[in-house]
Amino acid sequence: MNGLRLTDLTVPRGARLVLDGISLAVAPGEFVGLLGRNGAGKTTLLRAALGLIPFRGHSSLAALSSDARARQVAWLPQAREIAWALPVADVVALGRLAHRDRDPVAVEAALTRMGLQALRDRTATALSGGEQARVLIARALAQDTPLLLADEPVAGLDPAQQINTMQTFRALAAEGRSVVASLHDLGLAARHCTRLVALAGGRVVADGPPAEVLRPGIMAEVFGVEGAYLDTPDGPLFQPLRSLPDAAP
């Protein structure tokens, strides 16, 4: 099995449904940006898909054994602090635990993709927060799985590294893998994702190519903002312009 399939995924929290009947399929070759306000359920969706929290419905990942799931999907949570005082290359190599090997080719490829070659022998805990974030992304890449789930992967990175990370994820999709990443930067989502899925009220309210999802009515409903979408010779651009007066907090 490759990709991801969710059917009627529902996550209650008390009397409230954080997610309400989400059905979603992600195919090989797709880089899906998961959009929504804070509290919209993006992290909950990713964690439920992995079987990390209770849910109703079906997830193709949660149905797998833990060993099979580790070989199928790499998970990059929001937490970015490294707890192990190990060299960077050794932290990245931890991504190979699912395969029970170190595979220097996969580790080197991950270091290269995240521009970490010069830091490979540095102690990971001595790095800056942004550098540690890149090390953890590289660890997920070294896992070399058909699917990558990432929760706000570019948060805290400088602009160059945000672009590099998004280009890396787009390249993974071009290689035939599947990537799902929750994002708040709509400009990066417009330029790099092949597909956007927008959540509001615990449901999917829009799903399609960036040009279709980043429309005024959808942006008003999902984020309470007005923005400008432009097709340029360098690719699509989206810029939020203003918060709408009646936008909910």
# chains A, B, ... in the order shown; residues from 1 in each chain; ligands from 1

$ closest_atom_pairs --of "stretch 115-228 of chain A" --to "stretch 14-25 of chain A" --cutoff "10 Å" --atoms "only C-alpha atoms" --output "JSON lines"
{"residue": "A:Val197", "atom": "CA", "partner": "A:Leu24", "partner_atom": "CA", "distance": 9.2}
{"residue": "A:Leu199", "atom": "CA", "partner": "A:Leu19", "partner_atom": "CA", "distance": 9.1}
{"residue": "A:Ala200", "atom": "CA", "partner": "A:Leu19", "partner_atom": "CA", "distance": 9.3}
{"residue": "A:Gly201", "atom": "CA", "partner": "A:Val18", "partner_atom": "CA", "distance": 7.7}
{"residue": "A:Gly202", "atom": "CA", "partner": "A:Leu19", "partner_atom": "CA", "distance": 4.1}
{"residue": "A:Arg203", "atom": "CA", "partner": "A:Asp20", "partner_atom": "CA", "distance": 5.7}
{"residue": "A:Val204", "atom": "CA", "partner": "A:Ile22", "partner_atom": "CA", "distance": 6.7}
{"residue": "A:Asp207", "atom": "CA", "partner": "A:Leu24", "partner_atom": "CA", "distance": 9.3}

$ residues_around --residues "A:Thr168" --least-positions-apart "4" --cutoff "8 Å" --atoms "only C-alpha atoms" --output "ChimeraX atom specification"
/A:113,164,172

$ residues_around --residues "A:Ala110" --least-positions-apart "4" --cutoff "12 Å" --atoms "only C-alpha atoms" --output "VMD selection string"
chain A and resid 88 to 96 103 to 106 114 to 117 120 134 to 144 165 168 to 169 172

$ residues_around --residues "A:Leu196" --least-positions-apart "5" --cutoff "6 Å" --atoms "only C-alpha atoms" --output "PyMOL selection string"
chain A and resi 32-33+207-208+210

$ write_last_selection --atoms "N, CA, C and O atoms" --output "CSV table (one decimal), in the first residue's frame"
chain,number,residue,atom,x,y,z
A,32,VAL,N,0.5,17.4,-0.8
A,32,VAL,CA,-0.8,17.9,-0.3
A,32,VAL,C,-0.5,18.9,0.9
A,32,VAL,O,0.1,18.5,1.9
A,33,GLY,N,-0.9,20.1,0.7
A,33,GLY,CA,-0.8,21.1,1.8
A,33,GLY,C,-2.1,21.1,2.6
A,33,GLY,O,-3.2,21.3,2.0
A,207,ASP,N,-10.9,21.2,-1.6
A,207,ASP,CA,-9.9,20.2,-1.9
A,207,ASP,C,-9.6,20.3,-3.4
A,207,ASP,O,-10.5,20.1,-4.2
A,208,GLY,N,-8.4,20.7,-3.8
A,208,GLY,CA,-8.1,20.8,-5.2
A,208,GLY,C,-6.7,21.5,-5.5
A,208,GLY,O,-6.0,21.7,-4.5
A,210,PRO,N,-4.0,24.4,-6.1
A,210,PRO,CA,-3.9,25.7,-5.3
A,210,PRO,C,-4.8,26.8,-5.9
A,210,PRO,O,-5.4,27.5,-5.2

$ residues_around --residues "stretch 66-76 of chain A" --least-positions-apart "6" --cutoff "6 Å" --atoms "only C-alpha atoms" --output "ChimeraX atom specification"
/A:98,140,145-150

$ write_last_selection --atoms "C-alpha atoms" --output "mmCIF file, in the first residue's frame"
data_model
loop_
_atom_site.group_PDB
_atom_site.id
_atom_site.type_symbol
_atom_site.label_atom_id
_atom_site.label_comp_id
_atom_site.auth_asym_id
_atom_site.auth_seq_id
_atom_site.Cartn_x
_atom_site.Cartn_y
_atom_site.Cartn_z
ATOM 1 C CA ALA A 98 12.460 1.185 10.937
ATOM 2 C CA ALA A 140 12.452 11.763 8.458
ATOM 3 C CA THR A 145 9.278 5.846 3.151
ATOM 4 C CA PRO A 146 6.620 6.093 0.430
ATOM 5 C CA LEU A 147 4.694 8.615 2.560
ATOM 6 C CA LEU A 148 5.751 11.601 4.667
ATOM 7 C CA LEU A 149 3.402 13.337 7.110
ATOM 8 C CA ALA A 150 4.725 16.647 8.440
#

$ atom_distance --atom1 "atom CA of A:Leu9" --atom2 "atom CA of A:Ala181"
17.8 Å

$ select_by_dssp --residues "stretch 11-88 of chain A" --states "strand (DSSP E or B)" --output "list in words"
Val11, Pro12, Arg13, Arg16, Leu17, Val18, Leu19, Asp20, Gly21, Ile22, Ser23, Leu24, Ala25, Val26, Phe31, Val32, Gly33, Leu34, Leu35, Arg56, Gly57, His58, Ser59, Val73, Ala74, Trp75, Leu76 and Pro87 of chain A

$ write_last_selection --atoms "C-alpha atoms" --output "CSV table (one decimal), in the first residue's frame"
chain,number,residue,atom,x,y,z
A,11,VAL,CA,-12.5,12.6,16.3
A,12,PRO,CA,-14.6,13.6,19.3
A,13,ARG,CA,-13.4,15.8,22.1
A,16,ARG,CA,-17.5,18.5,20.2
A,17,LEU,CA,-16.3,16.9,17.0
A,18,VAL,CA,-12.8,18.1,16.2
A,19,LEU,CA,-13.0,16.2,13.0
A,20,ASP,CA,-16.4,15.2,11.5
A,21,GLY,CA,-16.4,12.5,8.8
A,22,ILE,CA,-13.2,13.3,7.0
A,23,SER,CA,-12.7,11.2,3.8
A,24,LEU,CA,-9.5,11.8,2.0
A,25,ALA,CA,-7.2,9.9,-0.4
A,26,VAL,CA,-3.6,10.9,-1.2
A,31,PHE,CA,2.3,17.0,-2.3
A,32,VAL,CA,-0.8,17.9,-0.3
A,33,GLY,CA,-0.8,21.1,1.8
A,34,LEU,CA,-3.2,20.9,4.7
A,35,LEU,CA,-4.6,24.3,5.5
A,56,ARG,CA,-13.9,6.6,14.5
A,57,GLY,CA,-13.8,5.6,10.9
A,58,HIS,CA,-10.9,4.1,9.0
A,59,SER,CA,-7.3,5.1,8.3
A,73,VAL,CA,5.3,6.5,6.7
A,74,ALA,CA,7.7,9.0,8.2
A,75,TRP,CA,6.2,11.3,10.8
A,76,LEU,CA,7.5,14.8,11.5
A,87,PRO,CA,26.5,14.1,16.1

$ atom_distance --atom1 "atom CA of A:Gly187" --atom2 "atom CA of A:Ala40"
19.2 Å

$ residues_around --residues "A:Met166" --least-positions-apart "5" --cutoff "10 Å" --atoms "only C-alpha atoms" --output "number ranges by chain"
A: 31, 153-154, 161, 171-172, 181, 188-189, 191-193

$ atom_distance --atom1 "atom CA of A:Leu46" --atom2 "atom CA of A:Leu86"
28.4 Å

$ select_by_dssp --residues "stretch 42-181 of chain A" --states "helix (DSSP H, G or I)" --output "JSON, numbers by chain"
{"A": [42, 43, 44, 45, 46, 47, 48, 49, 66, 67, 68, 69, 70, 71, 72, 88, 89, 90, 91, 92, 93, 94, 95, 96, 97, 98, 99, 104, 105, 106, 107, 108, 109, 110, 111, 112, 113, 117, 118, 119, 124, 125, 126, 129, 130, 131, 132, 133, 134, 135, 136, 137, 138, 139, 140, 141, 142, 159, 160, 161, 162, 163, 164, 165, 166, 167, 168, 169, 170, 171, 172, 173, 174]}

$ write_last_selection --atoms "C-alpha atoms" --output "compact mmCIF listing (two decimals), in the first residue's frame"
# COMPACT_ATOMS: atom_id res chain seq x y z
CA LYS A 42 -4.85 19.76 11.11
CA THR A 43 -2.63 18.19 13.77
CA THR A 44 -5.52 16.05 14.98
CA LEU A 45 -6.06 14.73 11.45
CA LEU A 46 -2.41 13.78 11.04
CA ARG A 47 -2.20 12.14 14.47
CA ALA A 48 -5.45 10.25 13.97
CA ALA A 49 -4.32 9.06 10.54
CA SER A 66 3.60 -0.75 14.00
CA ASP A 67 6.52 -2.25 12.04
CA ALA A 68 4.70 -1.99 8.71
CA ARG A 69 3.59 1.55 9.48
CA ALA A 70 7.17 2.61 10.26
CA ARG A 71 8.24 1.35 6.84
CA GLN A 72 5.29 3.05 5.14
CA VAL A 88 24.08 15.33 13.50
CA ALA A 89 24.80 12.39 11.19
CA ASP A 90 23.94 9.94 13.99
CA VAL A 91 20.63 11.69 14.70
CA VAL A 92 19.75 11.54 11.01
CA ALA A 93 20.70 7.85 10.96
CA LEU A 94 18.03 7.19 13.62
CA GLY A 95 15.57 7.45 10.75
CA ARG A 96 16.85 4.06 9.61
CA LEU A 97 15.63 2.24 12.73
CA ALA A 98 12.46 1.19 10.94
CA HIS A 99 14.61 -0.69 8.42
CA PRO A 104 24.90 5.40 4.58
CA VAL A 105 23.51 6.23 1.14
CA ALA A 106 20.09 7.18 2.56
CA VAL A 107 21.67 9.12 5.44
CA GLU A 108 24.00 11.02 3.11
CA ALA A 109 21.15 11.82 0.73
CA ALA A 110 19.08 13.23 3.61
CA LEU A 111 21.99 15.35 4.88
CA THR A 112 22.55 16.69 1.38
CA ARG A 113 18.88 17.49 0.76
CA GLN A 117 26.87 18.28 5.22
CA ALA A 118 28.99 20.91 7.00
CA LEU A 119 27.19 20.21 10.28
CA ALA A 124 22.91 18.21 17.44
CA THR A 125 21.86 19.71 20.79
CA ALA A 126 24.36 22.56 20.32
CA GLY A 129 16.47 25.84 16.81
CA GLY A 130 16.21 26.21 13.05
CA GLU A 131 19.21 23.94 12.48
CA GLN A 132 17.75 21.31 14.79
CA ALA A 133 14.51 21.48 12.83
CA ARG A 134 16.41 20.75 9.64
CA VAL A 135 18.17 17.79 11.30
CA LEU A 136 14.80 16.30 12.27
CA ILE A 137 13.48 16.79 8.75
CA ALA A 138 16.58 15.01 7.47
CA ARG A 139 15.95 12.17 9.93
CA ALA A 140 12.45 11.76 8.46
CA LEU A 141 13.88 11.82 4.93
CA ALA A 142 16.44 9.15 5.85
CA PRO A 159 13.14 31.99 4.27
CA ALA A 160 15.87 30.19 2.31
CA GLN A 161 15.40 27.00 4.32
CA GLN A 162 11.62 27.24 4.07
CA ILE A 163 11.94 27.31 0.29
CA ASN A 164 14.52 24.50 0.29
CA THR A 165 12.28 22.31 2.45
CA MET A 166 9.24 22.91 0.27
CA GLN A 167 11.28 22.21 -2.88
CA THR A 168 12.54 19.00 -1.27
CA PHE A 169 9.00 17.86 -0.50
CA ARG A 170 7.89 18.72 -4.04
CA ALA A 171 10.85 16.70 -5.37
CA LEU A 172 9.82 13.71 -3.24
CA ALA A 173 6.37 13.87 -4.82
CA ALA A 174 7.91 14.12 -8.28

$ decode --residues "stretch 24-58 of chain A" --atoms "N, CA, C and O atoms" --output "tab-separated table (two decimals), in the first residue's frame"
chain	number	residue	atom	x	y	z
A	24	LEU	N	-10.61	11.17	2.71
A	24	LEU	CA	-9.51	11.79	1.96
A	24	LEU	C	-8.60	10.69	1.43
A	24	LEU	O	-8.29	9.74	2.15
A	25	ALA	N	-8.18	10.81	0.18
A	25	ALA	CA	-7.22	9.88	-0.40
A	25	ALA	C	-6.06	10.68	-0.98
A	25	ALA	O	-6.26	11.67	-1.69
A	26	VAL	N	-4.86	10.25	-0.64
A	26	VAL	CA	-3.63	10.88	-1.15
A	26	VAL	C	-2.87	9.84	-1.95
A	26	VAL	O	-2.53	8.76	-1.43
A	27	ALA	N	-2.60	10.15	-3.21
A	27	ALA	CA	-1.98	9.19	-4.12
A	27	ALA	C	-0.47	9.45	-4.22
A	27	ALA	O	0.01	10.55	-3.91
A	28	PRO	N	0.29	8.46	-4.67
A	28	PRO	CA	1.70	8.70	-4.97
A	28	PRO	C	1.85	9.85	-5.96
A	28	PRO	O	1.05	10.00	-6.89
A	29	GLY	N	2.86	10.67	-5.75
A	29	GLY	CA	3.11	11.81	-6.63
A	29	GLY	C	2.45	13.10	-6.20
A	29	GLY	O	2.62	14.12	-6.86
A	30	GLU	N	1.73	13.08	-5.07
A	30	GLU	CA	1.05	14.28	-4.60
A	30	GLU	C	1.78	14.90	-3.41
A	30	GLU	O	2.23	14.19	-2.50
A	31	PHE	N	1.88	16.22	-3.42
A	31	PHE	CA	2.32	16.99	-2.27
A	31	PHE	C	1.12	17.81	-1.83
A	31	PHE	O	0.76	18.81	-2.45
A	32	VAL	N	0.48	17.36	-0.75
A	32	VAL	CA	-0.77	17.94	-0.28
A	32	VAL	C	-0.48	18.90	0.87
A	32	VAL	O	0.11	18.49	1.88
A	33	GLY	N	-0.91	20.15	0.73
A	33	GLY	CA	-0.83	21.12	1.80
A	33	GLY	C	-2.13	21.12	2.57
A	33	GLY	O	-3.21	21.31	1.99
A	34	LEU	N	-2.05	20.89	3.87
A	34	LEU	CA	-3.23	20.86	4.73
A	34	LEU	C	-3.37	22.23	5.39
A	34	LEU	O	-2.49	22.66	6.15
A	35	LEU	N	-4.45	22.93	5.07
A	35	LEU	CA	-4.64	24.31	5.49
A	35	LEU	C	-5.76	24.44	6.51
A	35	LEU	O	-6.70	23.63	6.52
A	36	GLY	N	-5.71	25.47	7.31
A	36	GLY	CA	-6.76	25.76	8.27
A	36	GLY	C	-6.24	26.65	9.37
A	36	GLY	O	-5.02	26.75	9.59
A	37	ARG	N	-7.15	27.32	10.05
A	37	ARG	CA	-6.74	28.17	11.17
A	37	ARG	C	-6.17	27.34	12.30
A	37	ARG	O	-6.29	26.11	12.33
A	38	ASN	N	-5.56	28.01	13.27
A	38	ASN	CA	-5.18	27.35	14.51
A	38	ASN	C	-6.42	26.71	15.13
A	38	ASN	O	-7.47	27.36	15.25
A	39	GLY	N	-6.31	25.45	15.50
A	39	GLY	CA	-7.45	24.76	16.10
A	39	GLY	C	-8.41	24.15	15.10
A	39	GLY	O	-9.45	23.61	15.50
A	40	ALA	N	-8.09	24.21	13.81
A	40	ALA	CA	-9.00	23.68	12.79
A	40	ALA	C	-9.00	22.16	12.74
A	40	ALA	O	-9.88	21.56	12.13
A	41	GLY	N	-7.98	21.52	13.33
A	41	GLY	CA	-7.93	20.06	13.33
A	41	GLY	C	-6.84	19.46	12.47
A	41	GLY	O	-6.83	18.24	12.26
A	42	LYS	N	-5.90	20.28	11.99
A	42	LYS	CA	-4.85	19.76	11.11
A	42	LYS	C	-3.98	18.74	11.83
A	42	LYS	O	-3.74	17.63	11.33
A	43	THR	N	-3.47	19.12	13.01
A	43	THR	CA	-2.63	18.19	13.77
A	43	THR	C	-3.43	16.96	14.18
A	43	THR	O	-2.93	15.83	14.11
A	44	THR	N	-4.67	17.17	14.59
A	44	THR	CA	-5.52	16.05	14.98
A	44	THR	C	-5.70	15.08	13.82
A	44	THR	O	-5.65	13.86	14.00
A	45	LEU	N	-5.89	15.60	12.61
A	45	LEU	CA	-6.06	14.73	11.45
A	45	LEU	C	-4.80	13.89	11.22
A	45	LEU	O	-4.90	12.67	10.99
A	46	LEU	N	-3.64	14.51	11.28
A	46	LEU	CA	-2.41	13.78	11.04
A	46	LEU	C	-2.18	12.72	12.12
A	46	LEU	O	-1.80	11.58	11.82
A	47	ARG	N	-2.42	13.09	13.37
A	47	ARG	CA	-2.20	12.14	14.47
A	47	ARG	C	-3.21	10.99	14.43
A	47	ARG	O	-2.86	9.84	14.70
A	48	ALA	N	-4.45	11.31	14.08
A	48	ALA	CA	-5.45	10.25	13.97
A	48	ALA	C	-5.13	9.31	12.81
A	48	ALA	O	-5.27	8.09	12.92
A	49	ALA	N	-4.68	9.88	11.70
A	49	ALA	CA	-4.32	9.06	10.54
A	49	ALA	C	-3.24	8.04	10.89
A	49	ALA	O	-3.22	6.93	10.38
A	50	LEU	N	-2.35	8.44	11.80
A	50	LEU	CA	-1.27	7.56	12.23
A	50	LEU	C	-1.70	6.59	13.32
A	50	LEU	O	-0.93	5.71	13.71
A	51	GLY	N	-2.91	6.76	13.85
A	51	GLY	CA	-3.37	5.92	14.94
A	51	GLY	C	-2.80	6.32	16.29
A	51	GLY	O	-2.81	5.52	17.23
A	52	LEU	N	-2.35	7.57	16.42
A	52	LEU	CA	-1.75	8.03	17.68
A	52	LEU	C	-2.80	8.49	18.67
A	52	LEU	O	-2.49	8.63	19.87
A	53	ILE	N	-4.02	8.78	18.21
A	53	ILE	CA	-5.11	9.17	19.08
A	53	ILE	C	-6.35	8.39	18.67
A	53	ILE	O	-6.46	7.94	17.53
A	54	PRO	N	-7.31	8.22	19.59
A	54	PRO	CA	-8.53	7.48	19.25
A	54	PRO	C	-9.35	8.20	18.18
A	54	PRO	O	-9.40	9.43	18.15
A	55	PHE	N	-10.01	7.44	17.33
A	55	PHE	CA	-10.86	8.01	16.30
A	55	PHE	C	-11.90	6.99	15.89
A	55	PHE	O	-11.78	5.80	16.19
A	56	ARG	N	-12.92	7.46	15.19
A	56	ARG	CA	-13.89	6.59	14.55
A	56	ARG	C	-13.66	6.68	13.04
A	56	ARG	O	-13.21	7.69	12.53
A	57	GLY	N	-14.02	5.63	12.32
A	57	GLY	CA	-13.80	5.59	10.89
A	57	GLY	C	-12.62	4.70	10.56
A	57	GLY	O	-12.27	3.78	11.31
A	58	HIS	N	-11.98	4.99	9.43
A	58	HIS	CA	-10.90	4.12	8.96
A	58	HIS	C	-9.72	4.95	8.47
A	58	HIS	O	-9.89	5.97	7.78
